[in-house]
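Here is the file data04.cif (mmCIF, C-alpha atoms).
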data_target
loop_
_atom_site.label_atom_id
_atom_site.label_comp_id
_atom_site.auth_asym_id
_atom_site.auth_seq_id
_atom_site.Cartn_x
_atom_site.Cartn_y
_atom_site.Cartn_z
CA MET A 240 -17.26 1.73 2.05
CA ILE A 241 -15.63 -1.69 1.78
CA PRO A 242 -14.75 -3.02 -1.68
CA LEU A 243 -15.87 -6.60 -2.31
CA ARG A 244 -14.63 -7.11 -5.87
CA ASP A 245 -14.24 -5.27 -9.14
CA LEU A 246 -16.15 -6.02 -12.33
CA GLN A 247 -13.17 -5.43 -14.63
CA PRO A 248 -12.30 -8.66 -16.49
CA ARG A 249 -8.73 -9.91 -16.69
CA ARG A 250 -7.08 -12.08 -19.31
CA GLY A 251 -4.29 -13.83 -17.46
CA ALA A 252 -3.68 -15.45 -14.10
CA PRO A 253 -2.60 -12.95 -11.38
CA ILE A 254 0.46 -15.00 -10.44
CA VAL A 255 2.47 -12.21 -8.81
CA THR A 256 -0.55 -10.81 -6.97
CA VAL A 257 -1.21 -14.24 -5.46
CA LEU A 258 2.46 -14.74 -4.59
CA LEU A 259 2.58 -11.33 -2.87
CA ILE A 260 -0.49 -12.21 -0.82
CA VAL A 261 1.07 -15.55 0.15
CA ALA A 262 4.37 -13.87 1.04
CA ASN A 263 2.64 -11.31 3.26
CA ALA A 264 0.66 -14.06 4.98
CA LEU A 265 3.75 -16.18 5.62
CA VAL A 266 5.69 -13.24 7.03
CA PHE A 267 2.77 -12.42 9.31
CA LEU A 268 2.66 -16.00 10.57
CA TYR A 269 6.39 -15.69 11.29
CA GLU A 270 5.67 -12.53 13.27
CA LEU A 271 3.08 -14.38 15.33
CA SER A 272 5.61 -17.13 16.06
CA LEU A 273 7.93 -14.60 17.72
CA GLY A 274 5.60 -14.06 20.66
CA PRO A 275 7.06 -11.57 23.17
CA GLY A 276 10.06 -11.01 20.89
CA LEU A 277 7.93 -9.42 18.16
CA ASP A 278 8.36 -5.83 19.33
CA ARG A 279 12.13 -6.21 19.42
CA TYR A 280 12.12 -7.75 15.95
CA LEU A 281 10.03 -4.89 14.52
CA LEU A 282 12.39 -2.30 15.99
CA GLN A 283 15.31 -4.07 14.31
CA ALA A 284 13.75 -4.95 10.95
CA ALA A 285 11.15 -2.28 10.22
CA PHE A 286 11.81 1.03 8.52
CA ILE A 287 12.17 3.96 10.93
CA PRO A 288 12.49 7.40 9.26
CA ALA A 289 14.84 8.85 11.91
CA ARG A 290 17.44 6.17 11.17
CA LEU A 291 17.62 7.38 7.58
CA THR A 292 17.72 11.09 8.30
CA GLU A 293 19.95 11.15 11.37
CA GLY A 294 22.76 8.77 10.36
CA PRO A 295 25.54 8.88 7.74
CA VAL A 296 23.78 9.53 4.44
CA VAL A 297 25.24 6.77 2.24
CA LEU A 298 25.09 4.04 4.87
CA SER A 299 21.65 5.06 6.10
CA PHE A 300 20.26 5.17 2.58
CA GLY A 301 21.38 1.62 1.86
CA PHE A 302 19.94 0.29 5.10
CA GLY A 303 16.86 2.44 4.51
CA ILE A 304 16.03 0.77 1.21
CA ALA A 305 16.59 -2.70 2.66
CA SER A 306 14.41 -2.05 5.72
CA ALA A 307 11.76 -0.33 3.58
CA LEU A 308 11.47 -3.46 1.43
CA VAL A 309 11.25 -5.69 4.50
CA SER A 310 8.66 -3.40 6.10
CA MET A 311 6.36 -3.79 3.10
CA PHE A 312 5.75 -7.41 4.17
CA LEU A 313 5.24 -6.75 7.90
CA HIS A 314 1.83 -6.12 9.48
CA GLY A 315 0.59 -5.06 12.86
CA GLY A 316 -2.40 -7.39 13.20
CA TRP A 317 -4.97 -9.54 11.44
CA LEU A 318 -7.17 -6.59 10.38
CA HIS A 319 -4.14 -4.73 9.05
CA LEU A 320 -3.10 -7.74 6.99
CA LEU A 321 -6.56 -8.76 5.76
CA GLY A 322 -7.53 -5.21 4.79
CA ASN A 323 -4.37 -4.73 2.76
CA MET A 324 -4.64 -8.12 1.08
CA LEU A 325 -8.28 -7.49 0.15
CA TYR A 326 -7.32 -4.32 -1.70
CA LEU A 327 -4.33 -6.02 -3.33
CA TRP A 328 -6.49 -8.91 -4.54
CA ILE A 329 -9.25 -6.67 -5.94
CA PHE A 330 -7.06 -4.13 -7.71
CA GLY A 331 -3.70 -5.83 -8.21
CA ASP A 332 -4.77 -8.47 -10.70
CA ASN A 333 -5.85 -5.97 -13.36
CA VAL A 334 -2.70 -3.89 -13.03
CA GLU A 335 -0.62 -7.06 -13.27
CA ASP A 336 -2.68 -8.07 -16.30
CA ARG A 337 -1.64 -4.89 -18.08
CA LEU A 338 1.99 -4.74 -16.99
CA GLY A 339 2.86 -8.42 -17.07
CA HIS A 340 4.22 -10.40 -14.15
CA ALA A 341 7.83 -9.15 -13.97
CA ARG A 342 7.03 -5.48 -14.52
CA PHE A 343 4.18 -5.63 -12.02
CA LEU A 344 6.51 -6.97 -9.32
CA LEU A 345 8.99 -4.18 -10.07
CA PHE A 346 6.15 -1.65 -10.07
CA TYR A 347 4.87 -2.90 -6.71
CA LEU A 348 8.26 -2.67 -5.00
CA LEU A 349 9.04 0.76 -6.46
CA ALA A 350 5.62 2.05 -5.42
CA GLY A 351 6.28 0.82 -1.90
CA LEU A 352 9.64 2.59 -1.80
CA ALA A 353 8.12 5.80 -3.18
CA ALA A 354 5.42 5.65 -0.51
CA THR A 355 7.96 5.09 2.24
CA PHE A 356 10.10 8.04 1.25
CA ALA A 357 7.03 10.26 0.89
CA GLN A 358 6.42 9.61 4.59
CA VAL A 359 10.08 10.38 5.35
CA ILE A 360 9.74 13.76 3.65
CA ALA A 361 6.59 14.50 5.65
CA ASN A 362 7.94 13.33 9.01
CA PRO A 363 11.71 12.85 8.82
CA GLY A 364 12.32 12.63 12.55
CA SER A 365 9.76 9.94 13.32
CA GLU A 366 10.99 7.04 15.43
CA VAL A 367 7.82 4.98 14.86
CA PRO A 368 8.41 1.81 12.79
CA MET A 369 6.62 1.89 9.43
CA ILE A 370 5.10 -1.47 8.57
CA GLY A 371 2.55 -2.72 6.07
CA ALA A 372 1.91 -3.14 2.38
CA SER A 373 -0.48 -0.19 2.17
CA GLY A 374 2.03 2.17 0.53
CA ALA A 375 2.71 -0.25 -2.32
CA ILE A 376 -0.99 -1.07 -2.61
CA SER A 377 -1.77 2.65 -2.77
CA GLY A 378 0.43 2.71 -5.85
CA VAL A 379 -1.63 -0.14 -7.28
CA LEU A 380 -4.81 1.87 -6.65
CA GLY A 381 -3.39 4.91 -8.42
CA ALA A 382 -2.38 2.80 -11.39
CA TYR A 383 -5.78 1.07 -11.48
CA LEU A 384 -7.57 4.43 -11.58
CA PHE A 385 -5.33 5.53 -14.45
CA LEU A 386 -5.92 2.31 -16.41
CA HIS A 387 -9.56 1.56 -15.63
CA PRO A 388 -11.44 4.71 -14.58
CA LYS A 389 -14.74 3.31 -15.88
CA ALA A 390 -14.45 -0.01 -14.03
CA ARG A 391 -17.16 -0.78 -11.48
CA ILE A 392 -16.30 -1.65 -7.89
CA ARG A 393 -18.84 -3.76 -6.02
CA THR A 394 -18.89 -2.10 -2.62
CA LEU A 395 -20.44 -2.75 0.77
CA PHE A 396 -21.89 0.61 1.76
CA PHE A 397 -22.69 1.42 5.40
CA PHE A 398 -25.09 4.07 6.68
CA PHE A 399 -25.33 3.84 10.46
CA ILE A 400 -26.87 0.38 11.09
CA PHE A 401 -27.96 -0.12 7.47
CA PHE A 402 -25.80 -1.53 4.73
CA THR A 403 -26.19 -2.51 1.10
CA ARG A 404 -24.12 -3.53 -1.91
CA ILE A 405 -23.70 -1.02 -4.71
CA ASP A 406 -21.51 -0.81 -7.81
CA VAL A 407 -19.37 2.32 -7.67
CA PRO A 408 -17.28 3.55 -10.62
CA ALA A 409 -13.53 3.47 -9.97
CA LEU A 410 -13.55 7.15 -10.95
CA VAL A 411 -15.63 7.77 -7.81
CA PHE A 412 -14.44 5.09 -5.38
CA LEU A 413 -10.69 5.66 -5.71
CA PRO A 414 -10.68 9.50 -5.63
CA VAL A 415 -12.88 9.33 -2.51
CA TRP A 416 -10.41 6.87 -0.99
CA PHE A 417 -7.51 9.18 -1.88
CA LEU A 418 -9.29 12.23 -0.46
CA MET A 419 -9.76 10.40 2.85
CA GLN A 420 -6.03 9.60 2.97
CA PHE A 421 -5.10 13.18 2.07
CA VAL A 422 -7.36 14.67 4.76
CA SER A 423 -5.95 12.24 7.32
CA ALA A 424 -2.40 13.11 6.24
CA TYR A 425 -3.10 16.81 6.67
CA ALA A 426 -4.70 16.17 10.07
CA SER A 427 -1.63 14.20 11.14
CA LEU A 428 0.47 17.33 10.69
CA GLN A 429 -1.85 19.25 13.00
CA ALA A 430 -2.16 16.58 15.70
CA PRO A 431 0.43 13.82 15.21
CA ALA A 432 -0.42 11.98 18.43
CA ALA A 433 -4.07 11.57 17.42
CA GLN A 434 -3.36 9.62 14.23
CA GLY A 435 -2.48 6.28 15.80
CA GLY A 436 0.86 5.94 14.07
CA VAL A 437 -0.64 5.48 10.60
CA ALA A 438 1.71 6.63 7.81
CA TRP A 439 -0.92 8.60 5.91
CA PHE A 440 1.62 10.35 3.68
CA ALA A 441 2.82 6.94 2.51
CA HIS A 442 -0.70 6.28 1.24
CA VAL A 443 -0.80 9.64 -0.51
CA GLY A 444 2.70 9.28 -1.94
CA GLY A 445 2.10 5.74 -3.13
CA PHE A 446 -1.14 6.69 -4.88
CA VAL A 447 0.51 9.59 -6.71
CA ALA A 448 3.52 7.45 -7.61
CA GLY A 449 1.31 4.75 -9.16
CA PRO A 450 0.46 6.48 -12.46
CA VAL A 451 3.98 7.95 -12.70
CA LEU A 452 5.61 4.54 -12.36
CA LEU A 453 3.08 3.11 -14.78
CA MET A 454 4.16 5.59 -17.43
CA LEU A 455 7.86 5.04 -16.71
CA LEU A 456 7.54 1.27 -16.96
CA GLY A 457 5.10 1.38 -19.85
CA ARG A 458 1.34 0.97 -19.64
CA GLY A 459 1.52 -2.61 -20.87
CA ARG A 460 -0.71 -4.18 -23.45
CA ASP A 461 -3.87 -2.41 -24.51
CA ASP A 462 -7.38 -3.54 -23.61
#

In C-alpha cells, how does this file's structure come out?
Amino acid sequence: MIPLRDLQPRRGAPIVTVLLIVANALVFLYELSLGPGLDRYLLQAAFIPARLTEGPVVLSFGFGIASALVSMFLHGGWLHLLGNMLYLWIFGDNVEDRLGHARFLLFYLLAGLAATFAQVIANPGSEVPMIGASGAISGVLGAYLFLHPKARIRTLFFFFIFFTRIDVPALVFLPVWFLMQFVSAYASLQAPAAQGGVAWFAHVGGFVAGPVLLMLLGRGRDD
C-alpha cells in the first residue's frame, strides 16, 4: 500500500512541513555533491549507536544528540528521501495544523530523538550509521492516528500485477503500517544481517512516542 494523500482538511498553511521537506532535499543535494567523499562524511556526521554506548557517558550523550539531529536530515538515496517526504507531506500538515508551527517543529525533533534512542536501546552496540527522517515521521504518524483516526487515506493498493486506488481509514492504514514495522523489528533481532541495516526499532519507537509527545506538548486547537 502506498499513500497518495489524505482526505482530512486543514485550516492553515503547513509552513514547517514544507520547510522540513525543503531542508531534507537540500541536505540530500549536498550529500550528492560530495561524490566519493560521501561515505566518509556519513561516518563522521551520522548517528552511530556504539559511539554513544561505548564512550564517556556525558561527552557521548552530548555528541549523540547532535549527531542524532543531523542524521534526521540525511538520506541514503532518492527512494529513501522521496518515500519519507511523501509520508511527511501527507500526514505532517494536519499534525502541524493542530499543534501550530513552533510546537510542531519541537514535536518533530523530539520524536526523531525518541526514535533514535529507541534503536539504541534495541541495538546498543551497532556500528551502522543511522540516517533518515523516518523516525521523526513515525512520530508524526502516531500523532496523526491519535488526532484523526477517522480520516481517510487515499491509497494505491497492489495485488500482484493489479493495482487500484482505495480510501482506507487511518484507523486501519496506520496500525497496519505499525504492525509491519513491529514485525520487521522483531525479525531484526532474530536475523540482524538480513534486515538491510534498516532501524526498525526507530520506526516503532517514533510511532509510540508520537501520541505521548502530543499529550506532553498539548493537543493543540480542537477541530

For region 240-251 of chain A, find every residue with an atom within 12 Å (counting only C-alpha atoms), except residues of its own chain fewer than 4 positions away, and show them as a compact mmCIF listing (two decimals) with C-alpha atoms, keeping the file's coordinate frame.
# COMPACT_ATOMS: atom_id res chain seq x y z
CA VAL A 255 2.47 -12.21 -8.81
CA THR A 256 -0.55 -10.81 -6.97
CA GLY A 322 -7.53 -5.21 4.79
CA ASN A 323 -4.37 -4.73 2.76
CA MET A 324 -4.64 -8.12 1.08
CA LEU A 325 -8.28 -7.49 0.15
CA TYR A 326 -7.32 -4.32 -1.70
CA LEU A 327 -4.33 -6.02 -3.33
CA TRP A 328 -6.49 -8.91 -4.54
CA ILE A 329 -9.25 -6.67 -5.94
CA PHE A 330 -7.06 -4.13 -7.71
CA GLY A 331 -3.70 -5.83 -8.21
CA ASP A 332 -4.77 -8.47 -10.70
CA ASN A 333 -5.85 -5.97 -13.36
CA VAL A 334 -2.70 -3.89 -13.03
CA GLU A 335 -0.62 -7.06 -13.27
CA ASP A 336 -2.68 -8.07 -16.30
CA ARG A 337 -1.64 -4.89 -18.08
CA LEU A 338 1.99 -4.74 -16.99
CA GLY A 339 2.86 -8.42 -17.07
CA HIS A 340 4.22 -10.40 -14.15
CA TYR A 383 -5.78 1.07 -11.48
CA LEU A 384 -7.57 4.43 -11.58
CA LEU A 386 -5.92 2.31 -16.41
CA HIS A 387 -9.56 1.56 -15.63
CA PRO A 388 -11.44 4.71 -14.58
CA LYS A 389 -14.74 3.31 -15.88
CA ALA A 390 -14.45 -0.01 -14.03
CA ARG A 391 -17.16 -0.78 -11.48
CA ILE A 392 -16.30 -1.65 -7.89
CA ARG A 393 -18.84 -3.76 -6.02
CA THR A 394 -18.89 -2.10 -2.62
CA LEU A 395 -20.44 -2.75 0.77
CA PHE A 396 -21.89 0.61 1.76
CA PHE A 397 -22.69 1.42 5.40
CA PHE A 398 -25.09 4.07 6.68
CA PHE A 399 -25.33 3.84 10.46
CA PHE A 402 -25.80 -1.53 4.73
CA THR A 403 -26.19 -2.51 1.10
CA ARG A 404 -24.12 -3.53 -1.91
CA ILE A 405 -23.70 -1.02 -4.71
CA ASP A 406 -21.51 -0.81 -7.81
CA VAL A 407 -19.37 2.32 -7.67
CA PRO A 408 -17.28 3.55 -10.62
CA ALA A 409 -13.53 3.47 -9.97
CA VAL A 411 -15.63 7.77 -7.81
CA PHE A 412 -14.44 5.09 -5.38
CA LEU A 413 -10.69 5.66 -5.71
CA VAL A 415 -12.88 9.33 -2.51
CA TRP A 416 -10.41 6.87 -0.99
CA MET A 419 -9.76 10.40 2.85
CA ARG A 460 -0.71 -4.18 -23.45
CA ASP A 461 -3.87 -2.41 -24.51
CA ASP A 462 -7.38 -3.54 -23.61

### Task
Identify, on the basis of only C-alpha atoms, every residue whose closest approach to region 275-283 of chain A does not exceed 10 Å; exclude the query and any residue fewer than 5 positions from it along the same chain; express the result as a list of chain:residue names.
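Once the nearby chain positions are removed, what remains is A:Tyr269, A:Glu270, A:Ser306, A:Ser310, A:Leu313, A:His314, A:Gly315, A:Glu366, A:Val367, A:Pro368, A:Met369, A:Ile370.
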
### Separation of CA of Ala307 (chain A) from CA of Leu344 (chain A) in Å
15.4 Å

### Task
Have a look at CA of Ala289 (chain A) and CA of Phe346 (chain A) and let me know their distance in Å, one decimal.
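Going from CA of Ala289 (chain A) over to CA of Phe346 (chain A), I get 25.9 Å.
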
### Message
Could you check the closest approach to Gly374 (chain A) for each of A:Phe421, A:Phe267, A:Trp317, A:Tyr347 and tell me which residue wins, using all atoms listed in the file?
### Response
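Checking each of A:Phe421, A:Phe267, A:Trp317, A:Tyr347 against Gly374 (chain A), counting all atoms listed in the file, the winner is A:Tyr347.
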
### Query
In Å to one decimal, how far is CA of Gly381 (chain A) from CA of Phe417 (chain A)?
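One can read the CA of Phe417 (chain A) to CA of Gly381 (chain A) distance as 8.8 Å.
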
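Taking all atoms listed in the file into account, Val261 (chain A) lies nearest to A:Leu321 out of the set A:Phe286, A:Leu321, A:Gly449, A:Val309.
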
### Task
Can you turn the PyMOL selection byres ((chain A and resi 445) around 6) into a concrete residue list for this file, as a list in words?
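Selected by the PyMOL selection byres ((chain A and resi 445) around 6) in this file: Ala350, Ala354, Gly374, Ser377, Gly378, Ala441, His442, Val443, Gly444, Phe446, Val447 and Ala448 of chain A.
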